[in-house]
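**Q** Okay, so here is model-v1.txt, and as you'll see once you scroll down, it has compact mmCIF, C-alpha atoms and all ligand atoms.
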```txt
# COMPACT_ATOMS: atom_id res chain seq x y z
CA MET A 1491 111.90 106.89 80.36
CA LYS A 1492 109.37 104.94 82.41
CA SER A 1493 106.48 106.98 83.59
CA GLY A 1494 104.83 105.30 86.53
CA ARG A 1495 103.72 106.84 89.78
CA TYR A 1496 107.32 107.49 90.87
CA ASP A 1497 107.74 109.75 87.80
CA MET A 1498 104.34 111.34 88.40
CA TYR A 1499 103.14 109.67 85.17
CA ASN A 1500 105.06 111.99 82.89
CA ASN A 1501 108.44 112.41 81.22
CA ASN A 1502 109.19 115.92 82.51
CA LYS A 1503 112.88 115.99 83.41
CA PHE A 1504 112.26 118.81 85.87
CA LYS A 1505 109.15 118.49 88.04
CA VAL A 1506 107.33 121.54 89.30
CA GLY A 1507 105.03 121.55 92.33
CA LEU A 1508 103.16 123.88 94.66
CA PHE A 1509 104.14 123.74 98.34
CA GLY A 1510 102.25 124.73 101.48
CA ALA A 1511 98.77 125.64 100.22
CA ASN A 1512 96.92 123.69 102.95
CA CYS A 1513 98.06 126.25 105.57
CA SER A 1514 96.83 129.79 106.04
CA SER A 1515 99.56 132.20 104.83
CA GLY A 1516 101.21 129.28 103.00
CA ARG A 1517 104.86 129.81 103.86
CA ALA A 1518 104.95 133.62 103.64
CA ILE A 1519 104.85 135.19 107.10
CA VAL A 1520 102.76 138.20 106.09
CA LYS A 1521 100.37 140.49 107.92
CA ASN A 1522 96.67 140.37 107.12
CA LEU A 1523 97.25 141.66 103.57
CA PRO A 1524 94.24 141.33 101.24
CA GLU A 1525 96.14 138.75 99.16
CA ARG A 1526 97.29 136.68 102.17
CA TRP A 1527 96.47 133.02 101.51
CA ARG A 1528 93.44 132.06 103.64
CA ALA A 1529 93.61 128.36 102.69
CA ASP A 1530 89.83 127.95 102.76
CA TRP A 1531 88.53 124.91 100.89
CA ASP A 1532 87.21 126.72 97.80
CA SER A 1533 90.55 128.46 97.31
CA CYS A 1534 92.44 125.17 97.72
CA SER A 1535 90.13 123.53 95.24
CA GLU A 1536 90.65 126.34 92.71
CA MET A 1537 94.42 126.16 93.22
CA ALA A 1538 94.37 122.42 92.48
CA ARG A 1539 92.27 122.91 89.36
CA LEU A 1540 94.62 125.61 88.05
CA ALA A 1541 97.70 123.51 88.80
CA ASP A 1542 96.22 120.35 87.28
CA GLN A 1543 95.07 122.04 84.09
CA GLY A 1544 98.13 124.32 83.95
CA GLY A 1545 100.59 121.41 83.76
CA PHE A 1546 102.12 121.37 87.26
CA ASP A 1547 103.37 117.94 88.36
CA PHE A 1548 102.56 117.83 92.06
CA ILE A 1549 101.07 119.52 95.12
CA LEU A 1550 102.86 119.17 98.47
CA PRO A 1551 101.14 120.23 101.71
CA ILE A 1552 102.74 120.98 105.08
CA GLY A 1553 102.06 118.85 108.15
CA ARG A 1554 101.20 121.62 110.60
CA TRP A 1555 98.86 121.52 113.60
CA LYS A 1556 99.31 124.77 115.49
CA GLY A 1557 99.73 128.37 114.37
CA TYR A 1558 102.47 130.76 115.38
CA GLY A 1559 100.33 133.68 116.57
CA GLY A 1560 100.91 137.28 115.53
CA GLU A 1561 98.44 139.47 113.68
CA SER A 1562 97.97 136.78 111.01
CA ASN A 1563 98.27 133.73 113.31
CA PHE A 1564 100.75 132.38 110.74
CA GLN A 1565 99.74 128.84 109.65
CA GLY A 1566 97.00 128.90 112.30
CA SER A 1567 94.35 127.46 110.00
CA THR A 1568 95.40 124.20 108.40
CA TYR A 1569 93.80 121.23 106.69
CA GLU A 1570 94.85 117.73 107.69
CA THR A 1571 96.78 116.67 104.63
CA VAL A 1572 95.55 113.16 103.71
CA THR A 1573 91.88 114.15 103.80
CA TRP A 1574 92.80 117.38 101.98
CA ALA A 1575 94.66 115.42 99.29
CA THR A 1576 91.76 112.98 98.93
CA GLY A 1577 89.31 115.80 98.23
CA LEU A 1578 91.65 117.39 95.72
CA LEU A 1579 92.45 114.08 94.02
CA ALA A 1580 88.72 113.63 93.44
CA GLN A 1581 88.62 116.94 91.58
CA THR A 1582 91.75 116.57 89.45
CA LYS A 1583 92.81 114.32 86.57
CA ARG A 1584 96.58 114.07 86.23
CA ILE A 1585 98.49 115.84 89.00
CA THR A 1586 100.17 113.95 91.89
CA ILE A 1587 99.00 115.13 95.32
CA LEU A 1588 100.87 114.25 98.48
CA GLY A 1589 99.99 114.02 102.13
CA THR A 1590 102.58 115.14 104.68
CA VAL A 1591 102.20 112.81 107.62
CA HIS A 1592 103.82 112.76 111.06
CA ALA A 1593 104.64 109.07 111.52
CA PRO A 1594 104.48 109.02 115.36
CA ILE A 1595 100.90 110.23 115.65
CA PHE A 1596 99.15 108.13 112.99
CA ASN A 1597 98.43 104.50 113.77
CA PRO A 1598 100.07 102.62 110.86
CA LEU A 1599 97.04 100.50 109.91
CA VAL A 1600 94.70 103.48 109.98
CA ALA A 1601 97.22 105.57 108.04
CA ALA A 1602 97.77 102.81 105.45
CA LYS A 1603 94.02 102.55 104.86
CA MET A 1604 93.54 106.35 104.68
CA MET A 1605 96.32 106.60 102.10
CA MET A 1606 95.06 103.62 100.12
CA THR A 1607 91.66 105.34 100.00
CA ALA A 1608 93.25 108.59 98.77
CA ASP A 1609 95.23 106.64 96.18
CA HIS A 1610 92.14 104.85 94.85
CA VAL A 1611 90.29 108.17 94.61
CA GLY A 1612 93.21 109.52 92.56
CA HIS A 1613 93.77 106.26 90.58
CA GLY A 1614 97.38 106.01 91.77
CA ARG A 1615 98.23 109.71 92.11
CA PHE A 1616 98.67 109.92 95.89
CA GLY A 1617 102.15 110.50 97.32
CA LEU A 1618 103.45 110.62 100.90
CA ASN A 1619 105.91 113.01 102.52
CA ILE A 1620 106.99 111.29 105.74
CA VAL A 1621 107.88 113.62 108.59
CA VAL A 1622 108.80 112.72 112.16
CA GLY A 1623 108.10 116.04 113.89
CA TRP A 1624 110.06 118.71 115.73
CA ASN A 1625 107.57 121.29 116.98
CA GLU A 1626 106.98 120.50 120.67
CA PRO A 1627 103.72 122.47 121.20
CA GLU A 1628 102.06 120.45 118.42
CA PHE A 1629 102.89 117.20 120.20
CA GLN A 1630 101.92 118.52 123.65
CA MET A 1631 98.52 119.38 122.23
CA MET A 1632 98.12 115.70 121.28
CA GLY A 1633 99.39 114.38 124.61
CA HIS A 1634 102.30 112.73 122.81
CA ASN A 1635 105.87 112.68 124.16
CA GLN A 1636 108.37 113.05 121.33
CA ARG A 1637 111.16 110.47 121.20
CA GLU A 1638 114.75 111.67 121.06
CA HIS A 1639 115.79 112.76 117.58
CA ASP A 1640 117.25 109.66 115.91
CA ALA A 1641 114.72 107.32 117.55
CA ARG A 1642 112.00 109.25 115.67
CA TYR A 1643 113.46 107.91 112.44
CA ASP A 1644 113.87 104.39 113.90
CA TYR A 1645 110.17 104.46 114.68
CA ALA A 1646 109.31 105.82 111.21
CA ASP A 1647 111.35 102.99 109.68
CA GLU A 1648 109.13 100.39 111.35
CA TRP A 1649 106.00 102.43 110.59
CA ILE A 1650 106.62 102.62 106.84
CA SER A 1651 107.97 99.05 106.63
CA ALA A 1652 104.72 97.73 108.11
CA MET A 1653 102.62 99.96 105.85
CA LYS A 1654 104.43 98.83 102.71
CA ARG A 1655 103.39 95.27 103.57
CA MET A 1656 99.78 96.36 104.23
CA TRP A 1657 99.68 98.04 100.82
CA THR A 1658 101.09 95.12 98.83
CA GLU A 1659 100.84 91.71 100.58
CA ASP A 1660 97.81 89.44 100.61
CA GLU A 1661 99.07 87.07 103.31
CA VAL A 1662 98.05 87.77 106.91
CA PHE A 1663 101.22 88.81 108.77
CA ASP A 1664 102.59 89.69 112.20
CA PHE A 1665 104.96 92.62 112.56
CA ASP A 1666 107.21 92.49 115.58
CA GLY A 1667 109.66 95.37 115.82
CA ASP A 1668 111.22 97.35 118.66
CA TYR A 1669 108.27 99.75 118.66
CA LEU A 1670 105.43 98.14 116.74
CA HIS A 1671 103.87 94.80 117.66
CA LEU A 1672 101.06 94.07 115.21
CA LYS A 1673 99.18 90.77 115.15
CA ASN A 1674 97.35 89.04 112.26
CA VAL A 1675 97.43 92.08 110.04
CA VAL A 1676 95.08 92.23 107.05
CA ALA A 1677 94.38 95.28 104.92
CA GLN A 1678 92.19 95.13 101.83
CA PRO A 1679 92.00 96.50 99.22
CA LYS A 1680 95.62 96.97 98.21
CA MET A 1681 97.25 100.15 96.97
CA THR A 1682 96.69 100.96 93.27
CA HIS A 1683 99.07 98.81 91.12
CA ARG A 1684 100.03 97.02 94.40
CA GLU A 1685 102.87 99.50 94.84
CA PRO A 1686 103.68 101.83 97.72
CA PRO A 1687 102.91 105.45 96.85
CA LEU A 1688 105.60 107.95 95.84
CA LEU A 1689 107.49 108.37 99.13
CA ILE A 1690 109.52 111.46 99.98
CA ASN A 1691 111.35 112.84 103.00
CA ALA A 1692 113.23 116.02 103.81
CA GLY A 1693 115.33 115.13 106.84
CA SER A 1694 118.59 117.06 107.00
CA SER A 1695 120.27 114.96 109.75
CA ASP A 1696 122.19 111.75 109.05
CA ALA A 1697 119.29 109.78 110.53
CA GLY A 1698 116.87 111.56 108.19
CA LYS A 1699 119.06 111.01 105.13
CA ASN A 1700 119.60 107.33 105.93
CA PHE A 1701 115.87 106.89 106.32
CA SER A 1702 115.34 108.40 102.84
CA LEU A 1703 118.02 106.19 101.32
CA ARG A 1704 116.28 103.09 102.65
CA HIS A 1705 112.68 103.98 101.88
CA CYS A 1706 112.06 107.01 99.67
CA HIS A 1707 111.86 107.83 95.96
CA GLY A 1708 112.44 111.53 96.49
CA PHE A 1709 114.59 113.52 98.91
CA PHE A 1710 114.51 117.27 99.53
CA THR A 1711 117.66 119.27 100.02
CA ASN A 1712 118.34 123.01 100.06
CA PHE A 1713 119.81 124.57 96.92
CA VAL A 1714 122.81 126.78 97.71
CA ARG A 1715 123.30 129.11 94.78
CA ARG A 1716 126.55 130.65 95.93
CA ASP A 1717 128.08 127.18 96.14
CA PRO A 1718 126.60 125.05 93.32
CA LYS A 1719 129.50 122.61 93.53
CA SER A 1720 128.43 121.51 97.01
CA THR A 1721 124.92 120.72 95.73
CA ILE A 1722 126.29 118.90 92.67
CA ASP A 1723 128.51 116.76 94.88
CA PHE A 1724 125.71 116.12 97.35
CA VAL A 1725 123.26 114.99 94.65
CA GLU A 1726 125.81 112.71 92.97
CA ASN A 1727 126.92 111.12 96.23
CA PHE A 1728 123.40 110.71 97.52
CA LYS A 1729 122.23 108.99 94.34
CA ALA A 1730 125.32 106.75 94.39
CA GLU A 1731 124.62 105.77 98.01
CA ALA A 1732 121.05 104.87 97.03
CA ARG A 1733 122.30 102.78 94.09
CA ALA A 1734 124.67 100.92 96.40
CA LEU A 1735 121.52 99.86 98.29
CA GLY A 1736 119.88 98.82 95.00
CA ARG A 1737 117.60 101.86 94.97
CA GLU A 1738 116.98 104.94 92.78
CA ILE A 1739 116.30 108.27 94.43
CA ASN A 1740 115.66 111.73 92.97
CA VAL A 1741 116.73 114.89 94.75
CA PHE A 1742 114.34 117.83 94.90
CA THR A 1743 114.56 121.28 96.39
CA GLN A 1744 112.18 123.90 97.77
CA GLY A 1745 111.74 127.64 97.32
CA HIS A 1746 109.33 130.49 96.71
CA VAL A 1747 108.35 132.04 93.38
CA VAL A 1748 107.39 135.66 92.76
CA CYS A 1749 106.68 135.92 89.03
CA ARG A 1750 105.32 139.13 87.55
CA PRO A 1751 105.19 140.48 83.98
CA THR A 1752 108.33 142.56 84.71
CA ARG A 1753 111.36 141.96 86.91
CA LYS A 1754 110.80 145.27 88.71
CA GLU A 1755 107.25 144.40 89.73
CA ALA A 1756 108.42 141.03 91.04
CA GLU A 1757 111.37 142.46 92.97
CA ASP A 1758 109.28 145.26 94.47
CA TYR A 1759 106.66 142.80 95.69
CA TYR A 1760 109.26 140.39 97.08
CA ARG A 1761 110.84 143.26 99.03
CA PHE A 1762 107.45 144.43 100.30
CA PHE A 1763 106.12 141.17 101.71
CA THR A 1764 109.40 140.25 103.36
CA THR A 1765 109.83 143.66 105.07
CA GLU A 1766 106.97 146.07 105.81
CA GLY A 1767 104.36 143.44 104.84
CA ALA A 1768 105.84 140.80 107.18
CA ASP A 1769 104.15 139.73 110.44
CA PHE A 1770 106.97 140.30 112.92
CA GLU A 1771 104.84 139.30 115.93
CA ALA A 1772 104.54 135.80 114.42
CA ILE A 1773 108.26 135.84 113.67
CA ASP A 1774 109.04 136.56 117.35
CA GLU A 1775 107.01 133.49 118.29
CA ILE A 1776 108.77 131.26 115.72
CA LEU A 1777 112.11 132.37 117.13
CA ARG A 1778 110.95 131.89 120.72
CA LEU A 1779 110.08 128.26 119.89
CA LYS A 1780 113.70 127.83 118.85
CA ASN A 1781 114.81 129.51 122.08
CA VAL A 1782 116.05 132.63 120.26
CA THR A 1783 114.97 135.75 122.19
CA ARG A 1784 116.01 139.38 122.51
CA ALA A 1785 117.29 138.57 125.99
CA ASN A 1786 119.63 135.73 124.93
CA THR A 1787 120.68 136.86 121.43
CA PRO A 1788 122.77 140.02 120.84
CA ASP A 1789 122.04 140.20 117.08
CA TYR A 1790 118.32 139.44 117.53
CA GLU A 1791 117.10 142.27 115.27
CA GLU A 1792 119.24 141.08 112.37
CA ILE A 1793 118.09 137.47 112.77
CA ARG A 1794 114.47 138.62 113.05
CA ARG A 1795 114.70 140.61 109.81
CA ALA A 1796 116.11 137.57 107.98
CA VAL A 1797 113.28 135.19 108.96
CA PRO A 1798 110.74 136.24 106.27
CA PHE A 1799 113.40 135.48 103.63
CA ARG A 1800 114.79 132.33 105.21
CA ASN A 1801 111.40 130.80 105.89
CA ILE A 1802 110.41 130.61 102.24
CA GLY A 1803 113.62 128.95 101.06
CA TYR A 1804 115.33 129.74 97.79
CA PRO A 1805 113.78 132.87 96.20
CA ILE A 1806 112.96 132.70 92.50
CA VAL A 1807 111.93 136.24 91.69
CA GLY A 1808 111.46 138.02 88.37
CA SER A 1809 109.78 138.06 84.99
CA PRO A 1810 108.77 134.77 83.32
CA ASP A 1811 112.17 134.74 81.56
CA ASP A 1812 114.00 135.22 84.87
CA VAL A 1813 111.98 132.55 86.66
CA ALA A 1814 112.45 130.00 83.86
CA GLU A 1815 116.19 130.70 83.80
CA LYS A 1816 116.53 130.27 87.57
CA LEU A 1817 114.63 126.98 87.47
CA ALA A 1818 116.86 125.79 84.63
CA GLU A 1819 119.93 126.63 86.75
CA ILE A 1820 118.61 124.39 89.50
CA HIS A 1821 117.98 121.56 87.05
CA ALA A 1822 121.48 121.96 85.61
CA ILE A 1823 123.11 120.89 88.85
CA GLY A 1824 121.25 117.59 89.02
CA ILE A 1825 118.07 118.51 90.93
CA SER A 1826 114.97 116.69 89.65
CA GLY A 1827 112.31 119.17 90.68
CA ILE A 1828 111.15 121.92 92.99
CA ALA A 1829 108.27 122.48 95.39
CA PHE A 1830 107.64 126.20 95.70
CA SER A 1831 105.25 128.41 97.60
CA LEU A 1832 103.45 131.53 96.38
CA VAL A 1833 101.89 134.31 98.44
CA ASN A 1834 98.55 133.64 96.75
CA TYR A 1835 98.21 130.25 95.05
CA VAL A 1836 95.15 131.18 92.98
CA THR A 1837 96.11 134.59 91.59
CA GLU A 1838 99.78 133.72 90.95
CA THR A 1839 99.50 130.23 89.41
CA PRO A 1840 98.13 131.20 85.96
CA LEU A 1841 101.10 133.37 84.92
CA ILE A 1842 103.50 130.56 85.82
CA ALA A 1843 101.41 128.00 83.92
CA GLN A 1844 101.04 130.23 80.88
CA GLU A 1845 104.48 131.83 80.70
CA VAL A 1846 107.05 129.86 82.71
CA LEU A 1847 106.20 126.20 82.02
CA PRO A 1848 106.19 126.71 78.20
CA ARG A 1849 109.64 128.34 78.48
CA LEU A 1850 110.91 125.29 80.38
CA GLN A 1851 109.46 123.14 77.63
CA LYS A 1852 111.37 125.10 74.99
CA MET A 1853 114.54 124.60 77.05
CA GLY A 1854 113.92 120.83 76.87
CA LEU A 1855 113.23 120.43 80.59
CA ARG A 1856 109.61 119.44 80.16
CA ALA A 1857 107.84 117.19 77.70
C1 LIG B 1901 110.48 120.53 101.58
C2 LIG B 1901 110.35 120.28 103.07
C3 LIG B 1901 109.11 119.99 103.61
C4 LIG B 1901 108.96 119.78 104.97
N1 LIG B 1901 107.72 119.59 105.47
C5 LIG B 1901 107.56 119.48 106.81
C6 LIG B 1901 106.27 119.43 107.36
O1 LIG B 1901 105.30 119.58 106.64
N2 LIG B 1901 106.12 119.27 108.70
C7 LIG B 1901 107.19 119.15 109.53
O2 LIG B 1901 107.00 118.97 110.73
N3 LIG B 1901 108.46 119.21 109.03
C8 LIG B 1901 108.65 119.40 107.71
N4 LIG B 1901 109.92 119.53 107.19
C9 LIG B 1901 111.07 119.31 108.08
C10 LIG B 1901 111.80 118.01 107.77
O3 LIG B 1901 110.93 116.91 107.70
C11 LIG B 1901 112.90 117.70 108.81
O4 LIG B 1901 112.36 117.43 110.07
C12 LIG B 1901 113.89 118.85 108.94
O5 LIG B 1901 114.46 119.11 107.66
C13 LIG B 1901 114.98 118.55 109.95
O6 LIG B 1901 115.68 117.38 109.58
P1 LIG B 1901 115.86 116.17 110.63
O7 LIG B 1901 114.48 115.67 110.99
O8 LIG B 1901 116.66 115.12 109.88
O9 LIG B 1901 116.59 116.72 111.80
C14 LIG B 1901 110.09 119.80 105.83
C15 LIG B 1901 111.34 120.12 105.28
C16 LIG B 1901 111.47 120.38 103.92
C17 LIG B 1901 112.84 120.75 103.38
```
Take the structure in the file and write it out as structure tokens.
Ligand SMILES: Cc1cc2nc3c(=O)[nH]c(=O)nc-3n(C[C@H](O)[C@H](O)[C@H](O)COP(=O)(O)O)c2cc1C
**A**
Amino acid sequence: MKSGRYDMYNNNKFKVGLFGANCSSGRAIVKNLPERWRADWDSCSEMARLADQGGFDFILPIGRWKGYGGESNFQGSTYETVTWATGLLAQTKRITILGTVHAPIFNPLVAAKMMMTADHVGHGRFGLNIVVGWNEPEFQMMGHNQREHDARYDYADEWISAMKRMWTEDEVFDFDGDYLHLKNVVAQPKMTHREPPLLINAGSSDAGKNFSLRHCHGFFTNFVRRDPKSTIDFVENFKAEARALGREINVFTQGHVVCRPTRKEAEDYYRFFTTEGADFEAIDEILRLKNVTRANTPDYEEIRRAVPFRNIGYPIVGSPDDVAEKLAEIHAIGISGIAFSLVNYVTETPLIAQEVLPRLQKMGLRA
């Protein structure tokens, strides 16, 4: 197997990454519990060190600009992801670290140079999750009018096409698209190895998927455990569609891990932080942004109670044996890796590094 930047420089068949650590609370909508993730720099730095030395493959931040209020102001304190990644790349040796960048609000030349800088700092370990945005208050705060849904991906297509040329071509060029009109473009130095970084996207619409097929090396989809066949079919078809375009694409998924020495401890904690430990004021605000309110939704209470579970994606809860088994199940249906969140990325990472990753190695999923 080749092991360049698109394989995160290793032969692990199943890649494991941490997701959401640049945001306060990560992805767990919890009250101000003592263990709530504060996402201050020293904690992020310690998380990256533990993940790098512990054998994780990648770190994926969230592109988030505005918190959701509530007692915890869920995701109210966030680091901009390319500068965050650059700092962490400087402190690590082997792990891939991504930025999650909203295409419409970053000038492509500035973004290309920022990412090239990050990639040089990390000697080729920077990756990019391209997002086009959905959260209106974030864009209002920047004075930016969002385009209609599919046009966001049309714009992102031009944005990344121009950046790929900035990263790899020596010739001065003009770029004349429907949205971008760039004259006499030069950008030196080039990306490490003169290759675009690892590019990923997680669009669930047809426009989002088509964008990934054209441009990305990795695509995120949701794993549906009760219907594995649908995921198997999706992964096979998606990869075949990419091949028809002369491209290879890996499919990843996302979730949340609660790993404790015993299954009971893990299950008890999972139940706690998604029920009495949850910040329901912040949840009301998240729902309000999606126009779901008590006034317009008869089963509001039921929906509200489900948010702490739904928000963290697929739950992987249990002892190290349980967690390793659940990850192996995901690999078995064709998924190439997972980005998962933790409630606390510093206290919870060591057990996974010490007990779960070696089990995956014994199962043949990691080199
Ligand atoms: C793993 C994963 C990471 C994502 N990260 C972000 C993010 O950081 N910021 C953001 O605005 N959207 C993020 N999204 C949302 C997607 O980019 C996308 O907008 C969403 O899935 C809806 O799909 P669509 O844009 O095709 O309609 C993420 C989704 C997934 C599954």
**Q** For ligand LIG 1901 (chain B), which residue out of A:Phe1509, A:Phe1663, A:Phe1724, A:Trp1531 is the nearest one, using only C-alpha atoms and all ligand atoms?
**A**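 Checking each of A:Phe1509, A:Phe1663, A:Phe1724, A:Trp1531 against ligand LIG 1901 (chain B), counting only C-alpha atoms and all ligand atoms, the winner is A:Phe1509.
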**Q** Extract, using only C-alpha atoms, all DNA, RNA and protein residues at most 9 Å from Trp1649 of chain A, discarding same-chain residues fewer than 5 positions from it, and format them as a VMD selection string.
**A** chain A and resid 1593 to 1594 1597 to 1598 1644 1654 1669 to 1670
**Q** Excluding same-chain residues fewer than 2 positions from Arg1655 of chain A, what lies within 12 Å of it counting all atoms listed in the file, as a list of chain:residue names?
**A**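 Selected residues are A:Pro1598, A:Leu1599, A:Ala1602, A:Lys1603, A:Glu1648, A:Trp1649, A:Ile1650, A:Ser1651, A:Ala1652, A:Met1653, A:Trp1657, A:Thr1658, A:Glu1659, A:Asp1660, A:Glu1661, A:Val1662, A:Phe1663, A:Asp1664, A:Phe1665, A:Leu1672, A:Val1675, A:Val1676, A:Ala1677, A:Gln1678, A:Lys1680, A:Met1681, A:Arg1684, A:Glu1685, A:Pro1686.
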**Q** Listed atoms of ligand LIG 1901 (chain B), axis-aligned box, 4 Å per side: centre and edge lengths to one decimal in Å, as AutoDock Vina command-line options?
**A**
```
--center_x 111.0 --center_y 117.9 --center_z 106.7 --size_x 19.4 --size_y 13.6 --size_z 18.2
```
**Q** Could you list, as a ChimeraX atom specification, all residues that come within 8 Å of ligand LIG 1901 (chain B)? Count only C-alpha atoms and all ligand atoms.
**A** /A:1509-1510,1551-1554,1590-1592,1619-1625,1639,1643,1691-1699,1710-1712,1743-1744,1829
